[in-house]
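So this block is work.pdb, PDB, N, CA and C atoms:
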ATOM      1  N   MET A   1     -30.039 -34.201 -16.459
ATOM      2  CA  MET A   1     -30.223 -33.196 -15.412
ATOM      3  C   MET A   1     -28.898 -32.919 -14.701
ATOM      4  N   SER A   2     -28.796 -31.733 -14.193
ATOM      5  CA  SER A   2     -27.581 -31.370 -13.468
ATOM      6  C   SER A   2     -27.798 -31.571 -11.977
ATOM      7  N   ILE A   3     -26.708 -31.553 -11.248
ATOM      8  CA  ILE A   3     -26.801 -31.706  -9.796
ATOM      9  C   ILE A   3     -27.558 -30.536  -9.170
ATOM     10  N   ALA A   4     -27.410 -29.342  -9.760
ATOM     11  CA  ALA A   4     -28.131 -28.173  -9.245
ATOM     12  C   ALA A   4     -29.640 -28.387  -9.361
ATOM     13  N   THR A   5     -30.075 -28.926 -10.481
ATOM     14  CA  THR A   5     -31.503 -29.194 -10.672
ATOM     15  C   THR A   5     -31.988 -30.225  -9.664
ATOM     16  N   ASP A   6     -31.187 -31.271  -9.450
ATOM     17  CA  ASP A   6     -31.558 -32.302  -8.471
ATOM     18  C   ASP A   6     -31.670 -31.708  -7.066
ATOM     19  N   ILE A   7     -30.760 -30.806  -6.712
ATOM     20  CA  ILE A   7     -30.811 -30.170  -5.387
ATOM     21  C   ILE A   7     -32.071 -29.322  -5.265
ATOM     22  N   ILE A   8     -32.379 -28.541  -6.301
ATOM     23  CA  ILE A   8     -33.571 -27.689  -6.276
ATOM     24  C   ILE A   8     -34.832 -28.531  -6.141
ATOM     25  N   GLN A   9     -34.843 -29.685  -6.782
ATOM     26  CA  GLN A   9     -36.016 -30.559  -6.726
ATOM     27  C   GLN A   9     -36.095 -31.350  -5.432
ATOM     28  N   GLY A  10     -35.087 -31.249  -4.575
ATOM     29  CA  GLY A  10     -35.152 -31.883  -3.261
ATOM     30  C   GLY A  10     -34.574 -33.276  -3.202
ATOM     31  N   LYS A  11     -33.909 -33.716  -4.241
ATOM     32  CA  LYS A  11     -33.375 -35.072  -4.288
ATOM     33  C   LYS A  11     -32.338 -35.312  -3.181
ATOM     34  N   TYR A  12     -31.621 -34.266  -2.795
ATOM     35  CA  TYR A  12     -30.551 -34.405  -1.808
ATOM     36  C   TYR A  12     -30.852 -33.675  -0.498
ATOM     37  N   ASP A  13     -32.112 -33.530  -0.143
ATOM     38  CA  ASP A  13     -32.474 -32.779   1.062
ATOM     39  C   ASP A  13     -31.802 -33.309   2.325
ATOM     40  N   ASN A  14     -31.610 -34.599   2.427
ATOM     41  CA  ASN A  14     -30.996 -35.168   3.631
ATOM     42  C   ASN A  14     -29.492 -34.925   3.687
ATOM     43  N   GLU A  15     -28.907 -34.574   2.567
ATOM     44  CA  GLU A  15     -27.457 -34.375   2.507
ATOM     45  C   GLU A  15     -27.049 -32.918   2.309
ATOM     46  N   LEU A  16     -27.952 -31.981   2.477
ATOM     47  CA  LEU A  16     -27.641 -30.575   2.189
ATOM     48  C   LEU A  16     -26.473 -30.045   3.021
ATOM     49  N   ASN A  17     -26.416 -30.408   4.294
ATOM     50  CA  ASN A  17     -25.308 -29.927   5.135
ATOM     51  C   ASN A  17     -23.975 -30.501   4.658
ATOM     52  N   ASP A  18     -23.969 -31.764   4.260
ATOM     53  CA  ASP A  18     -22.744 -32.371   3.733
ATOM     54  C   ASP A  18     -22.339 -31.715   2.426
ATOM     55  N   ILE A  19     -23.304 -31.429   1.572
ATOM     56  CA  ILE A  19     -23.018 -30.771   0.293
ATOM     57  C   ILE A  19     -22.441 -29.387   0.538
ATOM     58  N   GLN A  20     -23.054 -28.647   1.470
ATOM     59  CA  GLN A  20     -22.559 -27.309   1.778
ATOM     60  C   GLN A  20     -21.129 -27.368   2.306
ATOM     61  N   GLY A  21     -20.850 -28.319   3.177
ATOM     62  CA  GLY A  21     -19.491 -28.473   3.701
ATOM     63  C   GLY A  21     -18.491 -28.809   2.607
ATOM     64  N   ALA A  22     -18.894 -29.681   1.692
ATOM     65  CA  ALA A  22     -18.008 -30.066   0.590
ATOM     66  C   ALA A  22     -17.741 -28.876  -0.336
ATOM     67  N   VAL A  23     -18.769 -28.094  -0.617
ATOM     68  CA  VAL A  23     -18.606 -26.912  -1.484
ATOM     69  C   VAL A  23     -17.685 -25.902  -0.804
ATOM     70  N   ASN A  24     -17.886 -25.656   0.475
ATOM     71  CA  ASN A  24     -17.030 -24.704   1.193
ATOM     72  C   ASN A  24     -15.577 -25.169   1.229
ATOM     73  N   THR A  25     -15.378 -26.449   1.436
ATOM     74  CA  THR A  25     -14.022 -26.999   1.438
ATOM     75  C   THR A  25     -13.372 -26.833   0.071
ATOM     76  N   ARG A  26     -14.119 -27.113  -0.979
ATOM     77  CA  ARG A  26     -13.600 -26.974  -2.338
ATOM     78  C   ARG A  26     -13.250 -25.524  -2.656
ATOM     79  N   ARG A  27     -14.112 -24.589  -2.225
ATOM     80  CA  ARG A  27     -13.827 -23.161  -2.458
ATOM     81  C   ARG A  27     -12.551 -22.742  -1.746
ATOM     82  N   LYS A  28     -12.386 -23.213  -0.514
ATOM     83  CA  LYS A  28     -11.191 -22.872   0.251
ATOM     84  C   LYS A  28      -9.947 -23.437  -0.436
ATOM     85  N   LEU A  29     -10.035 -24.661  -0.938
ATOM     86  CA  LEU A  29      -8.913 -25.271  -1.640
ATOM     87  C   LEU A  29      -8.571 -24.479  -2.904
ATOM     88  N   ASN A  30      -9.582 -24.089  -3.664
ATOM     89  CA  ASN A  30      -9.349 -23.280  -4.872
ATOM     90  C   ASN A  30      -8.700 -21.947  -4.527
ATOM     91  N   ARG A  31      -9.198 -21.308  -3.462
ATOM     92  CA  ARG A  31      -8.634 -20.021  -3.046
ATOM     93  C   ARG A  31      -7.165 -20.197  -2.653
ATOM     94  N   ASN A  32      -6.863 -21.278  -1.925
ATOM     95  CA  ASN A  32      -5.478 -21.519  -1.513
ATOM     96  C   ASN A  32      -4.580 -21.805  -2.714
ATOM     97  N   GLN A  33      -5.090 -22.550  -3.694
ATOM     98  CA  GLN A  33      -4.311 -22.826  -4.900
ATOM     99  C   GLN A  33      -4.053 -21.539  -5.677
ATOM    100  N   ASN A  34      -5.091 -20.724  -5.836
ATOM    101  CA  ASN A  34      -4.936 -19.449  -6.544
ATOM    102  C   ASN A  34      -3.944 -18.546  -5.830
ATOM    103  N   GLN A  35      -4.022 -18.522  -4.509
ATOM    104  CA  GLN A  35      -3.111 -17.706  -3.709
ATOM    105  C   GLN A  35      -1.670 -18.178  -3.891
ATOM    106  N   ALA A  36      -1.455 -19.476  -3.892
ATOM    107  CA  ALA A  36      -0.108 -20.020  -4.070
ATOM    108  C   ALA A  36       0.462 -19.636  -5.437
ATOM    109  N   VAL A  37      -0.364 -19.668  -6.468
ATOM    110  CA  VAL A  37       0.086 -19.292  -7.811
ATOM    111  C   VAL A  37       0.487 -17.823  -7.833
ATOM    112  N   VAL A  38      -0.344 -16.969  -7.243
ATOM    113  CA  VAL A  38      -0.041 -15.533  -7.220
ATOM    114  C   VAL A  38       1.253 -15.275  -6.453
ATOM    115  N   LEU A  39       1.382 -15.887  -5.290
ATOM    116  CA  LEU A  39       2.582 -15.655  -4.476
ATOM    117  C   LEU A  39       3.847 -16.168  -5.156
ATOM    118  N   ALA A  40       3.712 -17.186  -5.990
ATOM    119  CA  ALA A  40       4.874 -17.734  -6.695
ATOM    120  C   ALA A  40       5.263 -16.901  -7.910
ATOM    121  N   THR A  41       4.333 -16.122  -8.444
ATOM    122  CA  THR A  41       4.608 -15.404  -9.690
ATOM    123  C   THR A  41       4.827 -13.902  -9.517
ATOM    124  N   ILE A  42       4.519 -13.371  -8.353
ATOM    125  CA  ILE A  42       4.664 -11.927  -8.133
ATOM    126  C   ILE A  42       5.853 -11.661  -7.229
ATOM    127  N   ASN A  43       6.619 -10.652  -7.610
ATOM    128  CA  ASN A  43       7.806 -10.255  -6.852
ATOM    129  C   ASN A  43       7.701  -8.786  -6.442
ATOM    130  N   VAL A  44       8.505  -8.410  -5.461
ATOM    131  CA  VAL A  44       8.587  -7.015  -5.055
ATOM    132  C   VAL A  44       9.018  -6.198  -6.272
ATOM    133  N   LYS A  45       8.453  -5.033  -6.448
ATOM    134  CA  LYS A  45       8.664  -4.077  -7.547
ATOM    135  C   LYS A  45       7.853  -4.394  -8.793
ATOM    136  N   ASP A  46       7.085  -5.492  -8.801
ATOM    137  CA  ASP A  46       6.192  -5.771  -9.931
ATOM    138  C   ASP A  46       5.027  -4.789  -9.911
ATOM    139  N   ILE A  47       4.500  -4.480 -11.089
ATOM    140  CA  ILE A  47       3.309  -3.641 -11.199
ATOM    141  C   ILE A  47       2.111  -4.578 -11.261
ATOM    142  N   VAL A  48       1.105  -4.285 -10.431
ATOM    143  CA  VAL A  48      -0.081  -5.129 -10.347
ATOM    144  C   VAL A  48      -1.350  -4.281 -10.445
ATOM    145  N   VAL A  49      -2.453  -4.946 -10.750
ATOM    146  CA  VAL A  49      -3.775  -4.321 -10.751
ATOM    147  C   VAL A  49      -4.578  -4.979  -9.647
ATOM    148  N   LEU A  50      -5.294  -4.182  -8.875
ATOM    149  CA  LEU A  50      -6.143  -4.703  -7.807
ATOM    150  C   LEU A  50      -7.487  -5.123  -8.375
ATOM    151  N   HIS A  51      -8.035  -6.240  -7.873
ATOM    152  CA  HIS A  51      -9.358  -6.698  -8.305
ATOM    153  C   HIS A  51      -9.979  -7.549  -7.204
ATOM    154  N   GLY A  52     -11.284  -7.674  -7.241
ATOM    155  CA  GLY A  52     -11.998  -8.521  -6.284
ATOM    156  C   GLY A  52     -12.010  -7.994  -4.867
ATOM    157  N   LEU A  53     -11.848  -6.701  -4.706
ATOM    158  CA  LEU A  53     -11.785  -6.098  -3.367
ATOM    159  C   LEU A  53     -13.089  -5.428  -2.979
ATOM    160  N   THR A  54     -13.278  -5.306  -1.691
ATOM    161  CA  THR A  54     -14.328  -4.472  -1.139
ATOM    162  C   THR A  54     -13.617  -3.509  -0.202
ATOM    163  N   PRO A  55     -13.707  -2.215  -0.367
ATOM    164  CA  PRO A  55     -14.619  -1.496  -1.235
ATOM    165  C   PRO A  55     -14.199  -1.600  -2.697
ATOM    166  N   LYS A  56     -15.164  -1.664  -3.563
ATOM    167  CA  LYS A  56     -14.923  -1.833  -4.990
ATOM    168  C   LYS A  56     -14.191  -0.641  -5.598
ATOM    169  N   LEU A  57     -14.165   0.433  -4.898
ATOM    170  CA  LEU A  57     -13.507   1.650  -5.339
ATOM    171  C   LEU A  57     -12.028   1.423  -5.651
ATOM    172  N   LEU A  58     -11.403   0.439  -5.013
ATOM    173  CA  LEU A  58      -9.987   0.157  -5.244
ATOM    174  C   LEU A  58      -9.758  -0.762  -6.442
ATOM    175  N   ASN A  59     -10.797  -1.462  -6.891
ATOM    176  CA  ASN A  59     -10.646  -2.389  -8.011
ATOM    177  C   ASN A  59     -10.240  -1.636  -9.267
ATOM    178  N   GLY A  60      -9.273  -2.189  -9.981
ATOM    179  CA  GLY A  60      -8.796  -1.584 -11.216
ATOM    180  C   GLY A  60      -7.621  -0.643 -11.036
ATOM    181  N   LEU A  61      -7.274  -0.315  -9.804
ATOM    182  CA  LEU A  61      -6.134   0.568  -9.564
ATOM    183  C   LEU A  61      -4.824  -0.183  -9.735
ATOM    184  N   LYS A  62      -3.818   0.514 -10.250
ATOM    185  CA  LYS A  62      -2.494  -0.073 -10.424
ATOM    186  C   LYS A  62      -1.575   0.397  -9.313
ATOM    187  N   GLY A  63      -0.573  -0.421  -9.049
ATOM    188  CA  GLY A  63       0.416  -0.045  -8.055
ATOM    189  C   GLY A  63       1.623  -0.951  -8.129
ATOM    190  N   LYS A  64       2.637  -0.598  -7.333
ATOM    191  CA  LYS A  64       3.880  -1.367  -7.291
ATOM    192  C   LYS A  64       3.924  -2.170  -5.994
ATOM    193  N   VAL A  65       4.290  -3.442  -6.118
ATOM    194  CA  VAL A  65       4.401  -4.321  -4.952
ATOM    195  C   VAL A  65       5.604  -3.883  -4.129
ATOM    196  N   THR A  66       5.373  -3.664  -2.835
ATOM    197  CA  THR A  66       6.464  -3.247  -1.945
ATOM    198  C   THR A  66       6.836  -4.327  -0.938
ATOM    199  N   ASP A  67       5.907  -5.257  -0.670
ATOM    200  CA  ASP A  67       6.170  -6.300   0.320
ATOM    201  C   ASP A  67       5.237  -7.472   0.062
ATOM    202  N   ILE A  68       5.723  -8.672   0.309
ATOM    203  CA  ILE A  68       4.918  -9.883   0.145
ATOM    204  C   ILE A  68       5.009 -10.672   1.438
ATOM    205  N   ASN A  69       3.847 -10.959   2.018
ATOM    206  CA  ASN A  69       3.772 -11.766   3.233
ATOM    207  C   ASN A  69       3.186 -13.131   2.898
ATOM    208  N   ARG A  70       2.852 -13.886   3.911
ATOM    209  CA  ARG A  70       2.333 -15.243   3.719
ATOM    210  C   ARG A  70       1.037 -15.264   2.924
ATOM    211  N   THR A  71       0.123 -14.339   3.195
ATOM    212  CA  THR A  71      -1.171 -14.332   2.503
ATOM    213  C   THR A  71      -1.541 -12.971   1.931
ATOM    214  N   THR A  72      -0.737 -11.959   2.188
ATOM    215  CA  THR A  72      -1.077 -10.610   1.727
ATOM    216  C   THR A  72       0.081  -9.980   0.960
ATOM    217  N   ILE A  73      -0.297  -8.976   0.184
ATOM    218  CA  ILE A  73       0.684  -8.228  -0.599
ATOM    219  C   ILE A  73       0.468  -6.741  -0.340
ATOM    220  N   SER A  74       1.554  -6.015  -0.105
ATOM    221  CA  SER A  74       1.478  -4.564   0.074
ATOM    222  C   SER A  74       1.739  -3.903  -1.270
ATOM    223  N   VAL A  75       0.868  -2.948  -1.620
ATOM    224  CA  VAL A  75       0.945  -2.281  -2.915
ATOM    225  C   VAL A  75       0.931  -0.774  -2.701
ATOM    226  N   MET A  76       1.903  -0.077  -3.332
ATOM    227  CA  MET A  76       1.935   1.381  -3.330
ATOM    228  C   MET A  76       1.134   1.838  -4.537
ATOM    229  N   LEU A  77       0.047   2.568  -4.302
ATOM    230  CA  LEU A  77      -0.844   2.978  -5.385
ATOM    231  C   LEU A  77      -0.163   3.946  -6.345
ATOM    232  N   ASP A  78      -0.360   3.708  -7.654
ATOM    233  CA  ASP A  78       0.187   4.574  -8.698
ATOM    234  C   ASP A  78      -0.819   5.604  -9.180
ATOM    235  N   GLU A  79      -2.073   5.403  -8.842
ATOM    236  CA  GLU A  79      -3.112   6.306  -9.335
ATOM    237  C   GLU A  79      -4.144   6.568  -8.248
ATOM    238  N   LYS A  80      -4.858   7.630  -8.439
ATOM    239  CA  LYS A  80      -5.869   8.060  -7.482
ATOM    240  C   LYS A  80      -7.192   7.366  -7.791
ATOM    241  N   PRO A  81      -7.848   6.811  -6.762
ATOM    242  CA  PRO A  81      -9.128   6.161  -7.011
ATOM    243  C   PRO A  81     -10.195   7.162  -7.442
ATOM    244  N   PRO A  82     -11.190   6.705  -8.210
ATOM    245  CA  PRO A  82     -12.305   7.596  -8.521
ATOM    246  C   PRO A  82     -13.039   7.941  -7.235
ATOM    247  N   ARG A  83     -13.691   9.054  -7.219
ATOM    248  CA  ARG A  83     -14.438   9.524  -6.030
ATOM    249  C   ARG A  83     -13.531   9.630  -4.813
ATOM    250  N   SER A  84     -12.290  10.055  -5.023
ATOM    251  CA  SER A  84     -11.355  10.104  -3.902
ATOM    252  C   SER A  84     -11.408  11.441  -3.166
ATOM    253  N   ASN A  85     -12.470  12.195  -3.366
ATOM    254  CA  ASN A  85     -12.615  13.464  -2.659
ATOM    255  C   ASN A  85     -13.080  13.256  -1.224
ATOM    256  N   ARG A  86     -13.529  12.052  -0.908
ATOM    257  CA  ARG A  86     -14.020  11.779   0.440
ATOM    258  C   ARG A  86     -12.893  11.858   1.459
ATOM    259  N   ARG A  87     -13.290  12.186   2.673
ATOM    260  CA  ARG A  87     -12.328  12.190   3.759
ATOM    261  C   ARG A  87     -11.870  10.764   4.030
ATOM    262  N   GLY A  88     -10.591  10.536   4.210
ATOM    263  CA  GLY A  88     -10.062   9.218   4.508
ATOM    264  C   GLY A  88      -9.905   8.325   3.297
ATOM    265  N   SER A  89     -10.078   8.884   2.082
ATOM    266  CA  SER A  89      -9.952   8.063   0.879
ATOM    267  C   SER A  89      -8.484   7.806   0.565
ATOM    268  N   ARG A  90      -8.236   6.813  -0.267
ATOM    269  CA  ARG A  90      -6.874   6.441  -0.661
ATOM    270  C   ARG A  90      -6.302   7.486  -1.610
ATOM    271  N   GLN A  91      -5.017   7.677  -1.539
ATOM    272  CA  GLN A  91      -4.351   8.676  -2.363
ATOM    273  C   GLN A  91      -3.217   8.031  -3.147
ATOM    274  N   ILE A  92      -2.734   8.733  -4.172
ATOM    275  CA  ILE A  92      -1.569   8.268  -4.920
ATOM    276  C   ILE A  92      -0.409   8.140  -3.939
ATOM    277  N   GLY A  93       0.338   7.060  -4.060
ATOM    278  CA  GLY A  93       1.476   6.852  -3.177
ATOM    279  C   GLY A  93       1.118   6.241  -1.841
ATOM    280  N   GLN A  94      -0.145   5.956  -1.616
ATOM    281  CA  GLN A  94      -0.542   5.354  -0.346
ATOM    282  C   GLN A  94      -0.377   3.847  -0.416
ATOM    283  N   LEU A  95       0.089   3.277   0.661
ATOM    284  CA  LEU A  95       0.313   1.842   0.744
ATOM    285  C   LEU A  95      -0.974   1.151   1.176
ATOM    286  N   VAL A  96      -1.360   0.110   0.431
ATOM    287  CA  VAL A  96      -2.513  -0.703   0.815
ATOM    288  C   VAL A  96      -2.059  -2.151   0.905
ATOM    289  N   ARG A  97      -2.616  -2.874   1.857
ATOM    290  CA  ARG A  97      -2.306  -4.295   2.024
ATOM    291  C   ARG A  97      -3.556  -5.065   1.622
ATOM    292  N   VAL A  98      -3.407  -5.979   0.668
ATOM    293  CA  VAL A  98      -4.551  -6.711   0.122
ATOM    294  C   VAL A  98      -4.254  -8.202   0.118
ATOM    295  N   PRO A  99      -5.306  -9.043   0.108
ATOM    296  CA  PRO A  99      -5.083 -10.484  -0.023
ATOM    297  C   PRO A  99      -4.377 -10.788  -1.341
ATOM    298  N   ALA A 100      -3.532 -11.796  -1.325
ATOM    299  CA  ALA A 100      -2.749 -12.140  -2.519
ATOM    300  C   ALA A 100      -3.634 -12.457  -3.719
ATOM    301  N   VAL A 101      -4.793 -13.034  -3.495
ATOM    302  CA  VAL A 101      -5.665 -13.399  -4.629
ATOM    303  C   VAL A 101      -6.311 -12.183  -5.271
ATOM    304  N   CYS A 102      -6.133 -11.006  -4.690
ATOM    305  CA  CYS A 102      -6.763  -9.782  -5.222
ATOM    306  C   CYS A 102      -5.810  -8.926  -6.046
ATOM    307  N   VAL A 103      -4.690  -9.499  -6.478
ATOM    308  CA  VAL A 103      -3.778  -8.762  -7.345
ATOM    309  C   VAL A 103      -3.509  -9.576  -8.599
ATOM    310  N   LYS A 104      -3.298  -8.862  -9.690
ATOM    311  CA  LYS A 104      -2.970  -9.490 -10.965
ATOM    312  C   LYS A 104      -1.797  -8.738 -11.557
ATOM    313  N   LYS A 105      -0.762  -9.474 -11.946
ATOM    314  CA  LYS A 105       0.434  -8.871 -12.509
ATOM    315  C   LYS A 105       0.122  -8.267 -13.876
ATOM    316  N   VAL A 106       0.658  -7.061 -14.110
ATOM    317  CA  VAL A 106       0.438  -6.377 -15.389
ATOM    318  C   VAL A 106       1.530  -6.770 -16.367
TER     319      VAL A 106
END
Would you write out, as structure tokens, the structure that this file holds?
Amino acid sequence: MSIATDIIQGKYDNELNDIQGAVNTRRKLNRNQNQAVVLATINVKDIVVLHGLTPKLLNGLKGKVTDINRTTISVMLDEKPPRSNRRGSRQIGQLVRVPAVCVKKV
């Protein structure tokens, strides 16, 4: 049996808060590790693809990195998002600032 099955069956009911805290801590650690890898491998002027963002409309767009901060990356969009006819939508050449974990080098 897996730990998930044991949790569903109630084996760890008294420890659910501890389990939740441990899972959240682990997720935060993974996110920080992933962020460190991205920040170490991406440089200004690199071409990147956006992913894992909300609104999802920006996912898949390419752009050039213009600035790198401690946890975020500024990207100048190279292409127009789909459904960009809306008022206030992103345009080609517009600068967006996204979390470092939401970019992938092309």
> Thr72 in chain A: which residues within 8 Å, counting all atoms listed in the file, same-chain residues fewer than 5 positions away excluded, as a PyMOL selection string?
Replying inline: chain A and resi 67+97-101
> Once the PyMOL selection byres ((chain A and resi 61) around 8) has been applied to the shown file, what residues remain in the selection, as a ChimeraX atom specification?
Replying inline: /A:48-51,57-60,62-64,77-81
>> Within 5 Å of (-0.1, 0.4, -2.4) in the file's own coordinates, which protein, DNA or RNA residues have an atom, counting only N, CA and C atoms? List them as a list in words.
In response: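 In the file's frame, the residues around the point are Ser74, Val75, Met76, Leu77, Gln94, Leu95 and Val96 of chain A.
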> Distance atom N of Leu39 in chain A-atom N of Arg27 in chain A, one decimal place?
Replying inline: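 That distance, rounded to one decimal, is 18.0 Å.
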> What is the distance between CA of Ile3 in chain A and CA of Ile19 in chain A, in Å to one decimal?
Replying inline: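 Calculated distance between CA of Ile3 in chain A and CA of Ile19 in chain A is 10.8 Å.
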> Which residues in chain A does DSSP call helix (DSSP H, G or I)? List them as a PyMOL selection string.
Replying inline: chain A and resi 3-8+13-41+56-58+100-102
> CA of Ser2 in chain A and atom C of Leu29 in chain A are how many Å apart?
Replying inline: 22.8 Å
> Quick one: which residues end up in the PyMOL selection byres ((chain A and resi 46) around 7) for this structure, as JSON, numbers by chain?
Replying inline: {"A": [42, 43, 44, 45, 47, 48, 63, 64, 65, 66, 105, 106]}
>> If DSSP is run on the backbone, what residues of chain A are strand (DSSP E or B)? A reply as a list in words would be ideal.
In response: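 Everything in chain A that counts as strand (DSSP E or B) is Ile47, Val48, Val49, Leu50, Lys62, Gly63, Lys64, Val65, Thr66, Asp67, Ile68, Thr72, Ile73, Ser74, Val75, Met76, Leu77, Leu95, Val96, Arg97, Val98, Pro99, Val103, Lys104 and Lys105 of chain A.
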> Which residue, A:Thr71, A:Gln20, A:Thr54, A:Gln9, has the smallest gap to Gln33 in chain A when you use only C-alpha atoms?
Replying inline: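 Result for the nearest residue to Gln33 in chain A: A:Thr71.
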> In terms of the shortest atom-to-atom distance over only C-alpha atoms, which of A:Val103, A:Ala22, A:Ala4, A:Leu16 is closest to Val37 in chain A?
Replying inline: A:Val103
